[in-house]
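What follows is a short report on a single structure.
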Amino acid sequence: MSKLSDDLYSALSAIPLIDPHSHIEPLSPVSRTLDDILGYHYYTELAHSAGMSQAPLAKDVLPRERVRAIVGHMDRYDNTAQYAWFLDIAKNFLGFTGNRITAADADTLFDTAEKTFAQKDWEEQVFKKSNLEAIFLTNEFDDPLEGFDTKRYIPCLRTDALVFGTEDAAIIGRLAKATGVEARDPASWKKAIRALFEKFTAKGAKACAISLPPNFIPSKESSPVFWMLAEHCQEFKLPFDLMIGVNRKVYRNGVYQGQDLFDQRTSLIQYQELFNAFPDVKFPVSVLTSVQNQELVSYSWIFPNVYPNGHWWYSNIPAYITNDLRGRLQAVPKTKLVGYYSDAYKLEFVLPKFSMYRRVLAELLASEFVEVKRLTETEAIALGKRLLRDNVREIFNV
Amino acid sequence: MSKLSDDLYSALSAIPLIDPHSHIEPLSPVSRTLDDILGYHYYTELAHSAGMSQAPLAKDVLPRERVRAIVGHMDRYDNTAQYAWFLDIAKNFLGFTGNRITAADADTLFDTAEKTFAQKDWEEQVFKKSNLEAIFLTNEFDDPLEGFDTKRYIPCLRTDALVFGTEDAAIIGRLAKATGVEARDPASWKKAIRALFEKFTAKGAKACAISLPPNFIPSKESSPVFWMLAEHCQEFKLPFDLMIGVNRKVYRNGVYQGQDLFDQRTSLIQYQELFNAFPDVKFPVSVLTSVQNQELVSYSWIFPNVYPNGHWWYSNIPAYITNDLRGRLQAVPKTKLVGYYSDAYKLEFVLPKFSMYRRVLAELLASEFVEVKRLTETEAIALGKRLLRDNVREIFNV
Amino acid sequence: MSKLSDDLYSALSAIPLIDPHSHIEPLSPVSRTLDDILGYHYYTELAHSAGMSQAPLAKDVLPRERVRAIVGHMDRYDNTAQYAWFLDIAKNFLGFTGNRITAADADTLFDTAEKTFAQKDWEEQVFKKSNLEAIFLTNEFDDPLEGFDTKRYIPCLRTDALVFGTEDAAIIGRLAKATGVEARDPASWKKAIRALFEKFTAKGAKACAISLPPNFIPSKESSPVFWMLAEHCQEFKLPFDLMIGVNRKVYRNGVYQGQDLFDQRTSLIQYQELFNAFPDVKFPVSVLTSVQNQELVSYSWIFPNVYPNGHWWYSNIPAYITNDLRGRLQAVPKTKLVGYYSDAYKLEFVLPKFSMYRRVLAELLASEFVEVKRLTETEAIALGKRLLRDNVREIFNV
């Protein structure tokens, strides 16, 4: 870590964040116990992969016991980036001063967390410590979108259930309840979708989003509902976040949310008709694998409406972020780069995840731009600000 | 940038270049206006991708206006490698002394370019400043190949039109005109192709070349003309450049030459019969994606007749060159590595593109060979010279 | 190379090795002439790829002549990692003191090798100089497994012939001879396989292994014998090494063992049923390409029974090891990482190959853990020891 990259890192950390993708529940955005932190699938799946049985994950297990089990296995996965996030959380939010978290720390951390998280202004404290200004949600289509400040918690219409639930009576029922429309044929589907877009945009929604399997064909013929969503994104001027590449339930006995994997043989070529058909819809695209990053770079370089979006899931570790971001910085117009999103379920994760990203970004700004005299330090910080903030505002119209 | 890699870079820059692939027109090899530089598709497509409409690209727009539009959008893509080439051109050829090119520089640069490029000996000046000795062309089969020095502008038979135009009356007509042979059946096709090879080799051609889509099957059955070309490469001892992986017209409303993309799911396994059938034909192979580079490394490691050739198009940025070249340097015999080609449309691009490559090469020679004491500095420069010059001479028999 | 990574490298070199995969013949584990070293396919194929005819590889060519030919071509491939292994062998075992091996060294090296390798305790010397404690073999199913110390040379049941030879009378015959069972139907196959597992485990076998082509479907329906092997691995508690991705005989006129290549379009998704069906079988998985490494990282992160295993063949060069290992270290529990195996045919290769790996590992431990203050130097060495030794002992129950 050079002095230069340290300085850049500090400067980047001072930029207020708008986090363009998360799974925060706005009515309970912060953790109440350490179990809310460590129940995050990244920890349960790593502990399970490293040998923990699923017994501690049962509903009736006391939170403290579950935390003991997950922390108790950390000496088997304390090499990982995910462990580093937790260490960062412990240091930044729980006053932990050690260098390493072991089984012996479980109870103290649990108790400290309970006290800390119980503070009335905890949510405010987290926002402030994380330098967070606003964060996007991922709302089910029938989410009431009520009871929270939509300037701070920005709604986003999640559409997985609609696209993959066209034959599912429960989904159709929920849709009818939410919109007053029985979606039975193209016309009624269109009417229902229009109702959703009207409601969501009225509530300040700034994006529509979906996650898609590797073999998904986004054509009018094979998925009319998907196509209708794109048409409505066009009409309502909403960016359409595509998160491409996830196969669900690959490890069938995996922990909750720890069952999905991928097939690296995925291509954006399948999306060419979509990108051609909707030149006015902005498509911020996330790919699940670093292998596909060069496609994302090249498609964003050519298509005005394709935007590289963050570093998703299995690609969200420094090894892949570094390679992927370097390619994006060298070949995609800087105004199109949505740098990072936390994908967080609880607000406490925004800080450590963005810190990891800022560290990589600072090093690349140092080596690729400042050290080779392409940019001054001040200019490099401005480039970082583009990725962290300005582009989110411009692309999503925040 | 260490002192060592700086020194290596200087030494590499002193090696006279033979550029083994370009699209130079030998009768107008240099630019006349800045529009010839910025009309290069890399700039039009980046400006368009970053938000520029296609209006400034219309034929009837004045060159100065087009340049203003493209330079005017540079503050949206001045992070890219392509912008860095342009900055390099402005500094080396146009006396630009600033650190950054903005909209305000458009007119001055345009005027300076007009004056500079109008010098009678401009072509000679560019050759000299670029330390360029000779450069390969990419000639259509009916190119007259006349009016230029074929020692300096080395002909190369481009065969895309033949392989993909066997059902195209216009192509058949042009072929008849060029060779006097109506290509209607295998025998007459063979006769026509033989006539082309005779003409091209008589004119000093040193290679045959083609670019191929990801799903191309290079077999005798599915593409008899392609197979015949390989047979003639064998007979006439011409290397056959294969440029693998491009899908044409993916972005249908893209700018001229800015519509092509790829499917990362491409494999050299499709070429196994070809490589086996023609052990005496040298196949310098370019792949479009870094994803496929390990295949290229491994196939070159095993097949005596497969040669890794440069860093093509979407892989021609430092991020990918660095990874790809590192693999090649560690696993392919050094005598088989064709380091780089400019792919230039105008000679002014040879210098900045090769400089980018030499920078990467210098850093790898430093870190992989000199710093770990595998080579002395002098030996490392000799290795660099192999990639930049000696192998081109040996493999293409220049 | 920093002082820190040098220190880590020295510390890692002091850890006694258990090499979990090789092709050593326990009855002639060391080389007798330099021809045994340079006859290794890595050298014959590189020399051939670089222009050497196959004439020097004929059986009736004198070993000294063959060595002269292969060394004589080294100035065409002395840039490669494989050449560096040989230089390391010459320095460590043959007293070579130069910096570069050229044609002029062939005879001296040959003579020195003859004398050196003839020493009675040569095998012991190599074990000692290599800091090698034990090494896994790859035994054909009808190997008698006799005449050697199975604590030092650990048997491993190679099953390629069984899985791909179910229709091959010679294989069936050998199986009958080895087990006394005529394998004709599922029941008799099962009986024969059980006999093999009984014999191998009685002899101290610690793994079952197989190499598989990219399109292999490991299902009960398409390969009942493969499925039976997994069932027996479960019953006999043997890890099942899967080496995924090799296409045999791609270069049909290649040198012995220098004909195999791959199709980068390979996915672990094909293995999902297998991994789900046998949660109690440990699957140490090797992938042939770095392209597939992210799949291996992610599948190991999620599936408790999938373990990343070494750096195989075309991925066994520092460029790919570095990228692949960085991903594994950041995302897979450290207790699941089988760091490296030599894949050696002769014991003299264990040292240079492991040294190459230790160099990469030392640099990553320095940059990813110590320099960023995640681990102390002592802790980093312990992490290295996990990858080099502890995990082999735990996972394979050595």
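Each chain of the structure tokens is named A, B, ... in the order shown, its residues numbered from 1; ligands are numbered from 1 in display order.
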field: Neighbours of chain A in chain B at 6 Å, counting only C-alpha atoms, as an MDAnalysis selection string
entry: chainID B and resid 49:50 76:77 80:81 263 319
Writer output for current selection, C-alpha atoms, as a PDB file, in the first residue's frame:
```pdb
ATOM      1  CA  SER B  49     -21.358   5.118 -26.650  1.00  0.00           C
ATOM      2  CA  ALA B  50     -20.782   8.056 -24.317  1.00  0.00           C
ATOM      3  CA  ARG B  76     -16.633  11.469 -21.103  1.00  0.00           C
ATOM      4  CA  TYR B  77     -14.047   8.915 -22.246  1.00  0.00           C
ATOM      5  CA  THR B  80      -9.661   5.087 -21.904  1.00  0.00           C
ATOM      6  CA  ALA B  81      -6.595   3.608 -23.594  1.00  0.00           C
ATOM      7  CA  ASP B 263     -19.585 -14.391 -27.911  1.00  0.00           C
ATOM      8  CA  ALA B 319      -5.256  -4.843 -18.802  1.00  0.00           C
TER       9      ALA B 319
END
```
query: Which of stretch 185-308 of chain C counts as helix (DSSP H, G or I) under DSSP, as a PyMOL selection string please?
result: chain C and resi 186-202+224-236+268-277+290-302
Residues as selected, C-alpha atoms, written as an mmCIF file, in the first residue's frame, can you do that?
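Result file follows (selection-v1.cif):
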```cif
data_model
loop_
_atom_site.group_PDB
_atom_site.id
_atom_site.type_symbol
_atom_site.label_atom_id
_atom_site.label_comp_id
_atom_site.auth_asym_id
_atom_site.auth_seq_id
_atom_site.Cartn_x
_atom_site.Cartn_y
_atom_site.Cartn_z
ATOM 1 C CA PRO C 186 -23.907 -54.081 -12.997
ATOM 2 C CA ALA C 187 -23.695 -56.640 -10.244
ATOM 3 C CA SER C 188 -20.387 -58.104 -11.386
ATOM 4 C CA TRP C 189 -18.937 -54.652 -12.068
ATOM 5 C CA LYS C 190 -19.840 -53.713 -8.536
ATOM 6 C CA LYS C 191 -18.196 -56.836 -7.220
ATOM 7 C CA ALA C 192 -15.028 -56.173 -9.180
ATOM 8 C CA ILE C 193 -14.848 -52.566 -8.064
ATOM 9 C CA ARG C 194 -15.384 -53.571 -4.471
ATOM 10 C CA ALA C 195 -12.485 -55.986 -4.782
ATOM 11 C CA LEU C 196 -10.267 -53.206 -6.104
ATOM 12 C CA PHE C 197 -11.204 -50.860 -3.275
ATOM 13 C CA GLU C 198 -10.549 -53.587 -0.728
ATOM 14 C CA LYS C 199 -7.146 -54.294 -2.170
ATOM 15 C CA PHE C 200 -6.164 -50.650 -2.563
ATOM 16 C CA THR C 201 -7.285 -49.552 0.871
ATOM 17 C CA ALA C 202 -5.601 -52.560 2.415
ATOM 18 C CA PRO C 224 -22.741 -46.366 -14.255
ATOM 19 C CA VAL C 225 -19.150 -47.392 -13.537
ATOM 20 C CA PHE C 226 -18.226 -43.823 -12.632
ATOM 21 C CA TRP C 227 -21.212 -43.696 -10.309
ATOM 22 C CA MET C 228 -20.208 -46.983 -8.688
ATOM 23 C CA LEU C 229 -16.754 -45.587 -8.077
ATOM 24 C CA ALA C 230 -18.285 -42.641 -6.241
ATOM 25 C CA GLU C 231 -20.403 -45.035 -4.196
ATOM 26 C CA HIS C 232 -17.319 -46.972 -3.217
ATOM 27 C CA CYS C 233 -15.408 -43.802 -2.389
ATOM 28 C CA GLN C 234 -18.243 -43.100 0.011
ATOM 29 C CA GLU C 235 -18.195 -46.522 1.577
ATOM 30 C CA PHE C 236 -14.417 -46.728 1.797
ATOM 31 C CA LEU C 268 -18.821 -27.663 -13.231
ATOM 32 C CA ILE C 269 -22.561 -27.294 -13.574
ATOM 33 C CA GLN C 270 -22.441 -30.773 -15.125
ATOM 34 C CA TYR C 271 -21.226 -32.081 -11.786
ATOM 35 C CA GLN C 272 -24.040 -30.723 -9.669
ATOM 36 C CA GLU C 273 -25.896 -34.016 -9.379
ATOM 37 C CA LEU C 274 -22.733 -35.828 -8.379
ATOM 38 C CA PHE C 275 -21.825 -33.280 -5.726
ATOM 39 C CA ASN C 276 -25.380 -33.352 -4.392
ATOM 40 C CA ALA C 277 -25.632 -37.136 -4.384
ATOM 41 C CA SER C 290 -7.664 -20.744 -15.490
ATOM 42 C CA VAL C 291 -10.912 -19.689 -17.188
ATOM 43 C CA GLN C 292 -12.685 -22.283 -15.102
ATOM 44 C CA ASN C 293 -10.993 -21.326 -11.849
ATOM 45 C CA GLN C 294 -13.752 -18.975 -10.745
ATOM 46 C CA GLU C 295 -16.223 -21.829 -11.027
ATOM 47 C CA LEU C 296 -13.927 -23.961 -8.903
ATOM 48 C CA VAL C 297 -13.631 -21.160 -6.352
ATOM 49 C CA SER C 298 -17.385 -20.654 -6.185
ATOM 50 C CA TYR C 299 -18.337 -24.325 -6.133
ATOM 51 C CA SER C 300 -15.807 -24.889 -3.302
ATOM 52 C CA TRP C 301 -17.205 -21.893 -1.475
ATOM 53 C CA ILE C 302 -20.708 -23.407 -1.560
#
```
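For C:Ala382, the list of residues within 12 Å, based on only C-alpha atoms and with local chain neighbours fewer than 6 positions off taken out, reads Asn79 of chain A; Leu8, Ala11, Leu12, Ala14, Ile15, Lys334, Thr335, Ala362, Leu365, Phe369, Leu375, Thr376, Leu388, Arg389, Asp390 and Asn391 of chain C.
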- request: May I have the residues within 10 Å of C:Tyr256 as a PyMOL selection string, using only C-alpha atoms and disregarding those fewer than 4 positions away in the same chain?
  value: chain C and resi 39-41+44-45+54+57+249+252+260
Taking N, CA, C and O atoms for each residue, export the selection above as a PDB file, in the first residue's frame.
```pdb
ATOM      1  N   GLY C  39      13.077 -36.373 -21.274  1.00  0.00           N
ATOM      2  CA  GLY C  39      12.066 -37.126 -22.010  1.00  0.00           C
ATOM      3  C   GLY C  39      10.661 -36.815 -21.507  1.00  0.00           C
ATOM      4  O   GLY C  39       9.666 -37.228 -22.102  1.00  0.00           O
ATOM      5  N   TYR C  40      10.606 -36.096 -20.393  1.00  0.00           N
ATOM      6  CA  TYR C  40       9.308 -35.642 -19.849  1.00  0.00           C
ATOM      7  C   TYR C  40       8.591 -34.856 -20.944  1.00  0.00           C
ATOM      8  O   TYR C  40       9.195 -34.020 -21.614  1.00  0.00           O
ATOM      9  N   HIS C  41       7.294 -35.101 -21.116  1.00  0.00           N
ATOM     10  CA  HIS C  41       6.626 -34.547 -22.295  1.00  0.00           C
ATOM     11  C   HIS C  41       6.690 -33.031 -22.370  1.00  0.00           C
ATOM     12  O   HIS C  41       6.666 -32.466 -23.462  1.00  0.00           O
ATOM     13  N   THR C  44       9.801 -32.479 -24.524  1.00  0.00           N
ATOM     14  CA  THR C  44       9.714 -32.980 -25.907  1.00  0.00           C
ATOM     15  C   THR C  44       8.691 -32.170 -26.689  1.00  0.00           C
ATOM     16  O   THR C  44       8.912 -31.839 -27.848  1.00  0.00           O
ATOM     17  N   GLU C  45       7.592 -31.811 -26.060  1.00  0.00           N
ATOM     18  CA  GLU C  45       6.570 -31.070 -26.807  1.00  0.00           C
ATOM     19  C   GLU C  45       6.991 -29.626 -27.080  1.00  0.00           C
ATOM     20  O   GLU C  45       6.717 -29.086 -28.149  1.00  0.00           O
ATOM     21  N   GLN C  54      10.504 -35.093 -34.903  1.00  0.00           N
ATOM     22  CA  GLN C  54      10.317 -36.165 -33.917  1.00  0.00           C
ATOM     23  C   GLN C  54      11.406 -37.230 -34.025  1.00  0.00           C
ATOM     24  O   GLN C  54      11.421 -38.169 -33.230  1.00  0.00           O
ATOM     25  N   LEU C  57      13.243 -38.476 -31.034  1.00  0.00           N
ATOM     26  CA  LEU C  57      12.424 -39.124 -29.997  1.00  0.00           C
ATOM     27  C   LEU C  57      12.212 -40.604 -30.268  1.00  0.00           C
ATOM     28  O   LEU C  57      11.603 -41.302 -29.457  1.00  0.00           O
ATOM     29  N   LYS C 249      -5.739 -36.561 -27.677  1.00  0.00           N
ATOM     30  CA  LYS C 249      -5.354 -36.667 -29.093  1.00  0.00           C
ATOM     31  C   LYS C 249      -5.880 -35.552 -29.987  1.00  0.00           C
ATOM     32  O   LYS C 249      -6.378 -35.799 -31.084  1.00  0.00           O
ATOM     33  N   ARG C 252      -2.847 -34.868 -33.396  1.00  0.00           N
ATOM     34  CA  ARG C 252      -2.690 -36.314 -33.608  1.00  0.00           C
ATOM     35  C   ARG C 252      -1.272 -36.758 -33.882  1.00  0.00           C
ATOM     36  O   ARG C 252      -0.906 -37.898 -33.599  1.00  0.00           O
ATOM     37  N   ASP C 260      -2.658 -33.709 -26.133  1.00  0.00           N
ATOM     38  CA  ASP C 260      -3.940 -33.384 -25.505  1.00  0.00           C
ATOM     39  C   ASP C 260      -4.111 -31.873 -25.342  1.00  0.00           C
ATOM     40  O   ASP C 260      -3.178 -31.167 -24.987  1.00  0.00           O
TER      41      ASP C 260
END
```
message: Quick check, in Å to one decimal: how far apart do atom CA of A:Asn139 and atom CA of A:Glu25 lie?
response: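 Interatomic distance here is 8.7 Å.
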field: All residues 10 Å or closer to B:Ala84, only C-alpha atoms, same chain fewer than 5 positions away omitted, as a ChimeraX atom specification
entry: /A:330,374 /B:78-79,89-90,100-101,352-353,356
- request: Go through B:Gly384, B:Ser222, B:Ala47, B:Arg32 and flag the residue nearest B:Ala118, using only C-alpha atoms for the distances.
  value: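 Of B:Gly384, B:Ser222, B:Ala47, B:Arg32, the one nearest B:Ala118 is B:Arg32, counting only C-alpha atoms.
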task: Identify, on the basis of only C-alpha atoms, every residue whose closest approach to A:Thr150 does not exceed 7 Å; exclude the query and any residue fewer than 4 positions from it along the same chain; express the result as a list in words.
output: Ile154, Pro155 and Gly204 of chain A
